[in-house]
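With PDB, C-alpha atoms inside, this is protein-v2.pdb:
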MODEL        1
ATOM      1  CA  MET R 207       2.286  14.579  17.396
ATOM      2  CA  GLU R 208       0.787  11.252  18.550
ATOM      3  CA  SER R 209       3.425   8.631  19.385
ATOM      4  CA  ASN R 210       1.943   6.028  17.009
ATOM      5  CA  ILE R 211       2.047   8.329  13.958
ATOM      6  CA  LEU R 212       4.776   7.225  11.553
ATOM      7  CA  LEU R 213       4.311   9.758   8.777
ATOM      8  CA  ALA R 214       2.179  12.866   8.325
ATOM      9  CA  ALA R 215       1.593  15.608   5.788
ATOM     10  CA  GLU R 216       0.375  18.923   7.155
ATOM     11  CA  HIS R 217      -1.143  21.603   4.903
ATOM     12  CA  LEU R 218       0.933  20.636   1.870
ATOM     13  CA  HIS R 219       0.798  22.902  -1.170
ATOM     14  CA  LEU R 220       2.568  22.293  -4.456
ATOM     15  CA  ASN R 221       2.550  24.744  -7.333
ATOM     16  CA  ARG R 222       4.428  24.134 -10.563
ATOM     17  CA  GLN R 223       4.674  26.677 -13.396
ATOM     18  CA  GLY R 224       1.618  28.509 -12.143
ATOM     19  CA  LYS R 225      -0.446  25.315 -11.824
ATOM     20  CA  THR R 226      -1.779  23.987  -8.512
ATOM     21  CA  ILE R 227      -0.741  20.330  -8.091
ATOM     22  CA  LEU R 228      -1.614  19.978  -4.394
ATOM     23  CA  SER R 229      -3.695  22.295  -2.236
ATOM     24  CA  ASP R 230      -3.782  22.123   1.584
ATOM     25  CA  VAL R 231      -3.327  18.335   1.782
ATOM     26  CA  ASN R 232      -3.340  16.654   5.193
ATOM     27  CA  LEU R 233      -2.656  12.936   5.668
ATOM     28  CA  SER R 234      -1.367  10.723   8.469
ATOM     29  CA  LEU R 235      -0.277   7.086   8.741
ATOM     30  CA  ARG R 236      -0.135   5.204  12.035
ATOM     31  CA  GLU R 237       1.413   1.937  13.138
ATOM     32  CA  SER R 238      -0.528  -1.133  11.921
ATOM     33  CA  GLU R 239      -2.751   1.015   9.711
ATOM     34  CA  ILE R 240      -3.466   0.689   5.993
ATOM     35  CA  VAL R 241      -4.245   3.998   4.292
ATOM     36  CA  THR R 242      -5.226   3.985   0.624
ATOM     37  CA  LEU R 243      -4.823   7.053  -1.568
ATOM     38  CA  ILE R 244      -7.242   7.146  -4.472
ATOM     39  CA  GLY R 245      -8.012   9.724  -7.118
ATOM     40  CA  PRO R 246      -8.272  10.255 -10.875
ATOM     41  CA  ASN R 247      -5.295  10.704 -13.180
ATOM     42  CA  GLY R 248      -3.732  14.101 -12.578
ATOM     43  CA  ALA R 249      -5.030  14.263  -9.000
ATOM     44  CA  GLY R 250      -1.526  14.751  -7.553
ATOM     45  CA  LYS R 251      -1.083  11.261  -6.067
ATOM     46  CA  THR R 252       2.409  10.698  -7.482
ATOM     47  CA  SER R 253       3.554  14.178  -6.468
ATOM     48  CA  LEU R 254       2.268  13.618  -2.931
ATOM     49  CA  ILE R 255       4.034  10.263  -2.630
ATOM     50  CA  ARG R 256       7.305  11.795  -3.859
ATOM     51  CA  ILE R 257       7.067  14.524  -1.225
ATOM     52  CA  LEU R 258       6.243  12.012   1.525
ATOM     53  CA  LEU R 259       9.237   9.869   0.512
ATOM     54  CA  GLY R 260      11.551  12.894   0.509
ATOM     55  CA  LEU R 261      12.067  12.715  -3.260
ATOM     56  CA  GLY R 262      10.420  16.066  -3.895
ATOM     57  CA  GLU R 263       9.682  19.285  -2.028
ATOM     58  CA  ALA R 264       6.379  21.006  -1.376
ATOM     59  CA  THR R 265       5.875  24.695  -2.070
ATOM     60  CA  ASP R 266       4.478  25.060   1.426
ATOM     61  CA  GLY R 267       3.525  22.863   4.365
ATOM     62  CA  ARG R 268       5.327  20.264   6.458
ATOM     63  CA  VAL R 269       6.095  16.544   6.337
ATOM     64  CA  TYR R 270       6.638  14.726   9.624
ATOM     65  CA  ARG R 271       8.587  11.464   9.612
ATOM     66  CA  ARG R 272       9.261   9.604  12.849
ATOM     67  CA  ALA R 273      12.957   9.527  13.704
ATOM     68  CA  ASP R 274      13.381   5.743  13.441
ATOM     69  CA  LEU R 275      11.540   5.510  10.137
ATOM     70  CA  SER R 276      12.493   2.837   7.618
ATOM     71  CA  ILE R 277      10.486   2.927   4.380
ATOM     72  CA  GLY R 278      10.043   0.054   1.951
ATOM     73  CA  TYR R 279       8.828   1.196  -1.471
ATOM     74  CA  VAL R 280       7.167  -0.953  -4.142
ATOM     75  CA  PRO R 281       7.021   0.998  -7.415
ATOM     76  CA  GLN R 282       4.193   0.869  -9.921
ATOM     77  CA  ARG R 283       6.478  -0.705 -12.464
ATOM     78  CA  THR R 284      10.128  -1.649 -12.688
ATOM     79  CA  SER R 285      12.334  -1.903 -15.753
ATOM     80  CA  ILE R 286      14.486  -5.013 -16.059
ATOM     81  CA  ASN R 287      16.788  -5.647 -19.017
ATOM     82  CA  SER R 288      15.267  -8.565 -20.920
ATOM     83  CA  VAL R 289      18.665 -10.063 -21.838
ATOM     84  CA  LEU R 290      20.359  -9.701 -18.446
ATOM     85  CA  PRO R 291      20.764 -13.142 -16.806
ATOM     86  CA  LEU R 292      19.230 -12.343 -13.434
ATOM     87  CA  ARG R 293      17.677 -14.807 -11.010
ATOM     88  CA  VAL R 294      15.238 -13.722  -8.308
ATOM     89  CA  LEU R 295      18.004 -14.409  -5.779
ATOM     90  CA  ASP R 296      20.389 -12.095  -7.638
ATOM     91  CA  PHE R 297      17.736  -9.393  -8.027
ATOM     92  CA  LEU R 298      17.061  -9.346  -4.279
ATOM     93  CA  ARG R 299      20.778  -8.974  -3.576
ATOM     94  CA  LEU R 300      21.247  -5.955  -5.851
ATOM     95  CA  SER R 301      20.676  -3.423  -3.054
ATOM     96  CA  ALA R 302      22.376  -5.318  -0.197
ATOM     97  CA  ARG R 303      24.097  -8.622   0.491
ATOM     98  CA  TYR R 304      21.232 -10.409   2.199
ATOM     99  CA  SER R 305      21.801 -13.978   3.350
ATOM    100  CA  LEU R 306      20.198 -16.916   1.576
ATOM    101  CA  GLU R 307      18.190 -17.598   4.751
ATOM    102  CA  GLU R 308      16.829 -14.019   4.873
ATOM    103  CA  ILE R 309      15.806 -14.157   1.218
ATOM    104  CA  THR R 310      14.264 -17.621   1.504
ATOM    105  CA  LEU R 311      12.191 -16.584   4.529
ATOM    106  CA  VAL R 312      10.848 -13.421   2.931
ATOM    107  CA  LEU R 313       9.992 -15.209  -0.333
ATOM    108  CA  LYS R 314       8.147 -17.826   1.709
ATOM    109  CA  GLU R 315       6.204 -15.066   3.496
ATOM    110  CA  VAL R 316       5.014 -13.582   0.198
ATOM    111  CA  GLY R 317       4.203 -17.037  -1.189
ATOM    112  CA  VAL R 318       6.818 -17.470  -3.942
ATOM    113  CA  SER R 319       9.682 -19.418  -2.348
ATOM    114  CA  HIS R 320       9.631 -21.795  -5.335
ATOM    115  CA  ILE R 321      10.954 -19.116  -7.729
ATOM    116  CA  LEU R 322      14.199 -18.380  -5.862
ATOM    117  CA  ASN R 323      16.345 -19.470  -8.816
ATOM    118  CA  SER R 324      13.945 -18.489 -11.619
ATOM    119  CA  ALA R 325      14.943 -15.814 -14.116
ATOM    120  CA  ILE R 326      13.281 -12.548 -13.135
ATOM    121  CA  GLN R 327      12.196 -11.976 -16.764
ATOM    122  CA  THR R 328      10.094 -15.177 -16.795
ATOM    123  CA  LEU R 329       7.840 -14.202 -13.871
ATOM    124  CA  SER R 330       4.138 -13.480 -14.204
ATOM    125  CA  GLY R 331       2.791 -10.077 -13.173
ATOM    126  CA  GLY R 332       1.616 -11.455  -9.840
ATOM    127  CA  GLU R 333       4.921 -13.189  -9.118
ATOM    128  CA  LEU R 334       6.914 -10.057  -9.927
ATOM    129  CA  GLN R 335       4.759  -7.948  -7.577
ATOM    130  CA  ARG R 336       5.431 -10.447  -4.782
ATOM    131  CA  VAL R 337       9.173 -10.316  -5.460
ATOM    132  CA  LEU R 338       9.044  -6.512  -5.300
ATOM    133  CA  LEU R 339       7.172  -6.825  -2.005
ATOM    134  CA  ALA R 340       9.863  -9.222  -0.753
ATOM    135  CA  ARG R 341      12.572  -6.717  -1.729
ATOM    136  CA  ALA R 342      10.816  -4.007   0.282
ATOM    137  CA  LEU R 343      10.332  -6.317   3.296
ATOM    138  CA  LEU R 344      14.033  -7.210   3.402
ATOM    139  CA  LYS R 345      14.632  -3.643   4.626
ATOM    140  CA  LYS R 346      12.511  -4.447   7.705
ATOM    141  CA  PRO R 347      10.428  -1.312   7.148
ATOM    142  CA  ASN R 348       7.957   0.212   9.563
ATOM    143  CA  ILE R 349       6.257   1.812   6.543
ATOM    144  CA  LEU R 350       5.457   0.156   3.221
ATOM    145  CA  VAL R 351       4.537   2.436   0.326
ATOM    146  CA  LEU R 352       2.818   0.522  -2.484
ATOM    147  CA  ASP R 353       2.198   2.352  -5.758
ATOM    148  CA  GLU R 354      -0.583   0.559  -7.671
ATOM    149  CA  PRO R 355       0.447  -2.844  -6.233
ATOM    150  CA  ALA R 356      -2.080  -4.836  -8.301
ATOM    151  CA  GLN R 357      -1.230  -3.331 -11.676
ATOM    152  CA  GLY R 358      -0.732  -6.058 -14.285
ATOM    153  CA  VAL R 359      -2.277  -8.708 -12.016
ATOM    154  CA  ASP R 360      -5.514 -10.532 -12.925
ATOM    155  CA  ILE R 361      -8.634 -10.230 -10.754
ATOM    156  CA  ILE R 362      -8.027 -13.433  -8.751
ATOM    157  CA  GLY R 363      -4.398 -12.453  -8.268
ATOM    158  CA  GLN R 364      -5.482  -8.998  -7.075
ATOM    159  CA  GLN R 365      -7.687 -10.463  -4.357
ATOM    160  CA  ALA R 366      -4.846 -12.715  -3.188
ATOM    161  CA  LEU R 367      -2.377  -9.820  -3.267
ATOM    162  CA  TYR R 368      -4.578  -7.598  -1.117
ATOM    163  CA  LYS R 369      -5.010 -10.448   1.393
ATOM    164  CA  LEU R 370      -1.224 -10.780   1.478
ATOM    165  CA  ILE R 371      -0.796  -7.036   2.068
ATOM    166  CA  THR R 372      -3.200  -7.229   5.021
ATOM    167  CA  ALA R 373      -1.289 -10.244   6.419
ATOM    168  CA  ILE R 374       2.003  -8.327   6.118
ATOM    169  CA  ARG R 375       0.493  -5.467   8.120
ATOM    170  CA  ASP R 376      -0.680  -7.929  10.777
ATOM    171  CA  ASN R 377       2.629  -9.824  10.965
ATOM    172  CA  HIS R 378       4.934  -6.788  11.000
ATOM    173  CA  ALA R 379       2.709  -4.126  12.653
ATOM    174  CA  CYS R 380       3.890  -1.725   9.966
ATOM    175  CA  GLY R 381       1.965   1.141   8.446
ATOM    176  CA  ILE R 382       1.019   0.710   4.784
ATOM    177  CA  LEU R 383       0.304   3.523   2.361
ATOM    178  CA  MET R 384      -1.224   2.309  -0.899
ATOM    179  CA  VAL R 385      -1.981   4.164  -4.111
ATOM    180  CA  SER R 386      -4.665   2.351  -6.050
ATOM    181  CA  HIS R 387      -7.282   2.575  -8.776
ATOM    182  CA  ASP R 388      -8.732  -0.844  -7.896
ATOM    183  CA  LEU R 389     -11.590   0.709  -5.975
ATOM    184  CA  HIS R 390     -13.851  -2.349  -5.940
ATOM    185  CA  LEU R 391     -11.199  -4.518  -4.271
ATOM    186  CA  VAL R 392      -9.137  -2.074  -2.258
ATOM    187  CA  MET R 393     -12.103  -1.277  -0.021
ATOM    188  CA  ALA R 394     -11.683  -4.698   1.599
ATOM    189  CA  ALA R 395      -8.020  -4.160   2.378
ATOM    190  CA  THR R 396      -7.803  -0.718   3.926
ATOM    191  CA  ASP R 397      -8.560   1.054   7.191
ATOM    192  CA  GLN R 398      -8.700   4.603   5.885
ATOM    193  CA  VAL R 399      -9.287   6.030   2.402
ATOM    194  CA  VAL R 400      -8.008   9.422   1.299
ATOM    195  CA  CYS R 401      -9.703  10.619  -1.870
ATOM    196  CA  LEU R 402      -7.465  13.155  -3.613
ATOM    197  CA  ASN R 403      -8.196  15.471  -6.505
ATOM    198  CA  THR R 404      -5.541  18.171  -6.006
ATOM    199  CA  HIS R 405      -7.126  18.680  -2.573
ATOM    200  CA  VAL R 406      -8.482  16.048  -0.187
ATOM    201  CA  CYS R 407     -12.099  15.581  -1.302
ATOM    202  CA  CYS R 408     -12.991  13.214   1.523
ATOM    203  CA  THR R 409     -11.292  10.908   3.966
ATOM    204  CA  GLY R 410     -12.432   8.202   6.363
ATOM    205  CA  HIS R 411     -13.410   4.561   6.735
ATOM    206  CA  PRO R 412     -14.105   2.779   3.415
ATOM    207  CA  ASP R 413     -17.786   2.200   4.249
ATOM    208  CA  HIS R 414     -18.322   5.917   4.751
ATOM    209  CA  ILE R 415     -16.231   7.053   1.791
ATOM    210  CA  SER R 416     -18.042   4.744  -0.627
ATOM    211  CA  GLU R 417     -21.237   6.724   0.028
ATOM    212  CA  HIS R 418     -19.665  10.201   0.181
ATOM    213  CA  PRO R 419     -20.989  12.637  -2.480
ATOM    214  CA  GLU R 420     -17.472  13.746  -3.496
ATOM    215  CA  TYR R 421     -16.342  10.145  -3.931
ATOM    216  CA  LEU R 422     -19.410   9.281  -5.994
ATOM    217  CA  LYS R 423     -18.916  12.422  -8.075
ATOM    218  CA  LEU R 424     -15.390  11.308  -8.981
ATOM    219  CA  PHE R 425     -15.936   7.567  -9.345
ATOM    220  CA  GLY R 426     -19.679   7.001  -9.713
ATOM    221  CA  ASP R 427     -19.488   6.063 -13.401
ATOM    222  CA  ALA R 428     -16.625   3.618 -12.783
ATOM    223  CA  LEU R 429     -18.588   1.943  -9.992
ATOM    224  CA  ASP R 430     -21.715   1.214 -12.021
ATOM    225  CA  GLY R 431     -22.258  -2.549 -12.008
ATOM    226  CA  MET R 432     -19.165  -3.105  -9.889
ATOM    227  CA  ALA R 433     -19.250  -4.876  -6.549
ATOM    228  CA  VAL R 434     -17.612  -2.923  -3.733
ATOM    229  CA  TYR R 435     -16.108  -5.161  -1.086
ATOM    230  CA  SER R 436     -16.443  -3.788   2.434
ATOM    231  CA  HIS R 437     -14.132  -4.291   5.367
ATOM    232  CA  HIS R 438     -16.260  -4.385   8.515
ATOM    233  CA  HIS R 439     -14.245  -3.847  11.656
ATOM    234  CA  ASP R 440     -15.974  -6.214  14.040
ATOM    235  CA  HIS R 441     -12.734  -8.060  14.601
ATOM    236  CA  GLU R 442      -9.126  -7.544  15.600
ATOM    237  CA  HIS R 443      -6.041  -8.573  13.638
ATOM    238  CA  LYS R 444      -3.510 -10.389  15.809
ATOM    239  CA  LEU R 445       0.206 -10.382  14.940
ATOM    240  CA  ASN R 446       0.097 -14.085  14.112
ATOM    241  CA  GLY R 447      -2.608 -13.447  11.507
ATOM    242  CA  ALA R 448      -5.495 -14.782  13.632
ATOM    243  CA  ILE R 449      -8.800 -12.903  13.537
ATOM    244  CA  VAL R 450     -10.627 -12.369  16.808
ATOM    245  CA  CYS R 451     -14.217 -11.058  16.793
ATOM    246  CA  THR R 452     -14.956  -8.136  19.082
ATOM    247  CA  HIS R 453     -18.742  -7.847  18.719
ATOM    248  CA  HIS R 454     -20.453 -11.200  18.285
ATOM    249  CA  LYS R 455     -19.504 -14.796  18.815
ATOM    250  CA  GLU R 456     -21.043 -15.747  15.498
ATOM    251  CA  CYS R 457     -19.671 -13.018  13.292
ATOM    252  CA  GLY R 458     -19.379 -14.878  10.009
ATOM    253  CA  HIS R 459     -15.590 -14.498   9.770
ATOM    254  CA  HIS R 460     -13.513 -17.537   9.038
ATOM    255  CA  HIS R 461     -10.871 -17.766  11.713
ATOM    256  CA  GLY R 462      -7.449 -18.790  10.476
TER     257      GLY R 462
ENDMDL
END
Serialized structure, structure tokens:
Amino acid sequence: MESNILLAAEHLHLNRQGKTILSDVNLSLRESEIVTLIGPNGAGKTSLIRILLGLGEATDGRVYRRADLSIGYVPQRTSINSVLPLRVLDFLRLSARYSLEEITLVLKEVGVSHILNSAIQTLSGGELQRVLLARALLKKPNILVLDEPAQGVDIIGQQALYKLITAIRDNHACGILMVSHDLHLVMAATDQVVCLNTHVCCTGHPDHISEHPEYLKLFGDALDGMAVYSHHHDHEHKLNGAIVCTHHKECGHHHG
């Protein structure tokens, strides 16, 4: 196994009550890589994530996790009692007694330091997703698993959230595994796409997948009239967030 591989699924099969949920699925996630898992409802995405996280078992196959692995998980949705008096600060301390400095720094990184003492129930969809990201980052993970991270967030908020996810990868050199239906936006924020429909239909760079017959067969109707944002790799991401062109001096990227 390559030294930079954090997590890998090898020939996973999952059968439940005579039904095939997953068939011969292979997937790998490396350091500083964003892999996005896409597929229609019932494709097996949730089952695959559960197996990768160790929350479920495959019928056959193997999951490799690097020995020093720390996983931060951001769920698709979280249930919070509407009458429970819970500030963001309190919510982030539910799993461990993090210091005020640790919490303040991570909230600043995800862009919501101003809501430290706000009631968790009053947050917008975008703010809540950033708090959930902050909670995952407090674990200092080398893998982030994000299940539909932009669900409940408006289109402008989605673009900002995906930029933030890319910045987190650059700043922490962690691997990120995303599950998403936001095909038109997620293409700009991923290195590899794995298209799943019980089996892996196609996998590769977003530019290639967006033209793959299997991808178009699954999502062609949804893509009609929809702009697909591409992520052209003519640059490198530095740990400080700077972008350095590798092909041309005048590449059209805005350097931050």
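Nearest to Gln364 in chain R of all the residues R:Thr226, R:Ser319, R:Ser386, R:Thr252 is R:Ser386, counting only C-alpha atoms.
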Give me the residues near range 302-310 of chain R as a list of chain:residue names, where near means some atom within 10 Å (using all atoms listed in the file) and where sequence neighbours in that chain fewer than 6 positions away do not count. R:Val294, R:Leu295, R:Asp296, R:Val318, R:Ser319, R:His320, R:Ile321, R:Leu322, R:Ala340, R:Arg341, R:Leu343, R:Leu344, R:Lys345
File of the preceding selection, C-alpha atoms, as a compact mmCIF listing (two decimals), in the coordinates of the input:
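Saved as selection.txt:
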# COMPACT_ATOMS: atom_id res chain seq x y z
CA VAL R 294 15.24 -13.72 -8.31
CA LEU R 295 18.00 -14.41 -5.78
CA ASP R 296 20.39 -12.10 -7.64
CA VAL R 318 6.82 -17.47 -3.94
CA SER R 319 9.68 -19.42 -2.35
CA HIS R 320 9.63 -21.80 -5.34
CA ILE R 321 10.95 -19.12 -7.73
CA LEU R 322 14.20 -18.38 -5.86
CA ALA R 340 9.86 -9.22 -0.75
CA ARG R 341 12.57 -6.72 -1.73
CA LEU R 343 10.33 -6.32 3.30
CA LEU R 344 14.03 -7.21 3.40
CA LYS R 345 14.63 -3.64 4.63
Please put the answer as lines of an AutoDock Vina configuration file: centre and edge lengths, in Å with one decimal, of a box along x, y and z that encloses all listed atoms of range 252-259 of chain R plus 4 Å on each side.
center_x = 5.8
center_y = 12.2
center_z = -3.0
size_x = 15.0
size_y = 12.7
size_z = 17.0
Counting only C-alpha atoms, the residue of R:Ala273, R:Ile382, R:Val337, R:Val316 that sits nearest Ser209 in chain R: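 Of R:Ala273, R:Ile382, R:Val337, R:Val316, the one nearest Ser209 in chain R is R:Ala273, counting only C-alpha atoms.
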Selection dump of the PyMOL selection byres ((chain R and resi 278) around 9), as a short mmCIF file (atom, residue, chain, number, x, y, z; two decimals) with C-alpha atoms, keeping the file's coordinate frame:
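Saved as out_35.cif:
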data_model
loop_
_atom_site.label_atom_id
_atom_site.label_comp_id
_atom_site.auth_asym_id
_atom_site.auth_seq_id
_atom_site.Cartn_x
_atom_site.Cartn_y
_atom_site.Cartn_z
CA SER R 276 12.49 2.84 7.62
CA ILE R 277 10.49 2.93 4.38
CA TYR R 279 8.83 1.20 -1.47
CA VAL R 280 7.17 -0.95 -4.14
CA LEU R 339 7.17 -6.82 -2.00
CA ARG R 341 12.57 -6.72 -1.73
CA ALA R 342 10.82 -4.01 0.28
CA LEU R 343 10.33 -6.32 3.30
CA LEU R 344 14.03 -7.21 3.40
CA LYS R 345 14.63 -3.64 4.63
CA LYS R 346 12.51 -4.45 7.70
CA PRO R 347 10.43 -1.31 7.15
CA ASN R 348 7.96 0.21 9.56
CA ILE R 349 6.26 1.81 6.54
CA LEU R 350 5.46 0.16 3.22
CA VAL R 351 4.54 2.44 0.33
CA LEU R 352 2.82 0.52 -2.48
#
Excluding same-chain residues fewer than 3 positions from Leu290 in chain R, what lies within 12 Å of it counting only C-alpha atoms, as an mmCIF file with C-alpha atoms, in the coordinates of the input?
data_model
loop_
_atom_site.group_PDB
_atom_site.id
_atom_site.type_symbol
_atom_site.label_atom_id
_atom_site.label_comp_id
_atom_site.auth_asym_id
_atom_site.auth_seq_id
_atom_site.Cartn_x
_atom_site.Cartn_y
_atom_site.Cartn_z
ATOM 1 C CA SER R 285 12.334 -1.903 -15.753
ATOM 2 C CA ILE R 286 14.486 -5.013 -16.059
ATOM 3 C CA ASN R 287 16.788 -5.647 -19.017
ATOM 4 C CA ARG R 293 17.677 -14.807 -11.010
ATOM 5 C CA ASP R 296 20.389 -12.095 -7.638
ATOM 6 C CA PHE R 297 17.736 -9.393 -8.027
ATOM 7 C CA ALA R 325 14.943 -15.814 -14.116
ATOM 8 C CA ILE R 326 13.281 -12.548 -13.135
ATOM 9 C CA GLN R 327 12.196 -11.976 -16.764
ATOM 10 C CA THR R 328 10.094 -15.177 -16.795
#
Running the PyMOL selection byres ((chain R and resi 354) around 10) on this model by hand, what would come out? Give it as number ranges by chain. R: 243-244, 280-283, 351-353, 355-358, 384-388
Fewer than 6 positions away in the same chain doesn't count, so skip those; otherwise give me all residues within 8 Å of Arg268 in chain R, counting all atoms listed in the file, as a ChimeraX atom specification. /R:215-218
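You will find CA of Gly317 in chain R at 18.1 Å from CA of Ala395 in chain R.
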Pull out range 327-342 of chain R, keep N, CA, C and O atoms, and write it as an mmCIF file, in the first residue's frame.
data_model
loop_
_atom_site.group_PDB
_atom_site.id
_atom_site.type_symbol
_atom_site.label_atom_id
_atom_site.label_comp_id
_atom_site.auth_asym_id
_atom_site.auth_seq_id
_atom_site.Cartn_x
_atom_site.Cartn_y
_atom_site.Cartn_z
ATOM 1 N N GLN R 327 -29.650 26.856 17.982
ATOM 2 C CA GLN R 327 -30.932 26.744 17.269
ATOM 3 C C GLN R 327 -31.224 27.947 16.373
ATOM 4 O O GLN R 327 -32.093 27.880 15.508
ATOM 5 N N THR R 328 -30.519 29.060 16.587
ATOM 6 C CA THR R 328 -30.793 30.284 15.814
ATOM 7 C C THR R 328 -29.935 30.399 14.558
ATOM 8 O O THR R 328 -30.088 31.355 13.802
ATOM 9 N N LEU R 329 -29.042 29.431 14.320
ATOM 10 C CA LEU R 329 -28.110 29.536 13.203
ATOM 11 C C LEU R 329 -28.784 29.249 11.873
ATOM 12 O O LEU R 329 -29.724 28.452 11.784
ATOM 13 N N SER R 330 -28.276 29.890 10.824
ATOM 14 C CA SER R 330 -28.725 29.572 9.467
ATOM 15 C C SER R 330 -28.138 28.228 9.059
ATOM 16 O O SER R 330 -27.236 27.691 9.724
ATOM 17 N N GLY R 331 -28.614 27.695 7.922
ATOM 18 C CA GLY R 331 -28.092 26.424 7.432
ATOM 19 C C GLY R 331 -26.598 26.479 7.178
ATOM 20 O O GLY R 331 -25.855 25.562 7.539
ATOM 21 N N GLY R 332 -26.143 27.582 6.579
ATOM 22 C CA GLY R 332 -24.723 27.736 6.288
ATOM 23 C C GLY R 332 -23.875 27.843 7.546
ATOM 24 O O GLY R 332 -22.782 27.282 7.625
ATOM 25 N N GLU R 333 -24.386 28.580 8.534
ATOM 26 C CA GLU R 333 -23.650 28.735 9.795
ATOM 27 C C GLU R 333 -23.545 27.395 10.530
ATOM 28 O O GLU R 333 -22.491 27.054 11.075
ATOM 29 N N LEU R 334 -24.641 26.646 10.531
ATOM 30 C CA LEU R 334 -24.624 25.350 11.220
ATOM 31 C C LEU R 334 -23.626 24.402 10.564
ATOM 32 O O LEU R 334 -22.894 23.690 11.260
ATOM 33 N N GLN R 335 -23.568 24.388 9.224
ATOM 34 C CA GLN R 335 -22.610 23.520 8.537
ATOM 35 C C GLN R 335 -21.181 23.884 8.909
ATOM 36 O O GLN R 335 -20.329 23.017 9.096
ATOM 37 N N ARG R 336 -20.913 25.178 9.075
ATOM 38 C CA ARG R 336 -19.562 25.614 9.452
ATOM 39 C C ARG R 336 -19.237 25.231 10.896
ATOM 40 O O ARG R 336 -18.099 24.880 11.213
ATOM 41 N N VAL R 337 -20.238 25.259 11.761
ATOM 42 C CA VAL R 337 -20.027 24.815 13.144
ATOM 43 C C VAL R 337 -19.748 23.312 13.178
ATOM 44 O O VAL R 337 -18.876 22.845 13.927
ATOM 45 N N LEU R 338 -20.472 22.551 12.363
ATOM 46 C CA LEU R 338 -20.224 21.107 12.291
ATOM 47 C C LEU R 338 -18.829 20.814 11.737
ATOM 48 O O LEU R 338 -18.149 19.888 12.189
ATOM 49 N N LEU R 339 -18.399 21.630 10.778
ATOM 50 C CA LEU R 339 -17.032 21.516 10.268
ATOM 51 C C LEU R 339 -16.021 21.821 11.374
ATOM 52 O O LEU R 339 -15.011 21.121 11.530
ATOM 53 N N ALA R 340 -16.295 22.871 12.143
ATOM 54 C CA ALA R 340 -15.408 23.240 13.259
ATOM 55 C C ALA R 340 -15.307 22.100 14.264
ATOM 56 O O ALA R 340 -14.222 21.788 14.759
ATOM 57 N N ARG R 341 -16.449 21.470 14.568
ATOM 58 C CA ARG R 341 -16.448 20.343 15.515
ATOM 59 C C ARG R 341 -15.559 19.210 15.012
ATOM 60 O O ARG R 341 -14.800 18.600 15.777
ATOM 61 N N ALA R 342 -15.637 18.928 13.707
ATOM 62 C CA ALA R 342 -14.802 17.874 13.135
ATOM 63 C C ALA R 342 -13.322 18.258 13.162
ATOM 64 O O ALA R 342 -12.453 17.431 13.454
#
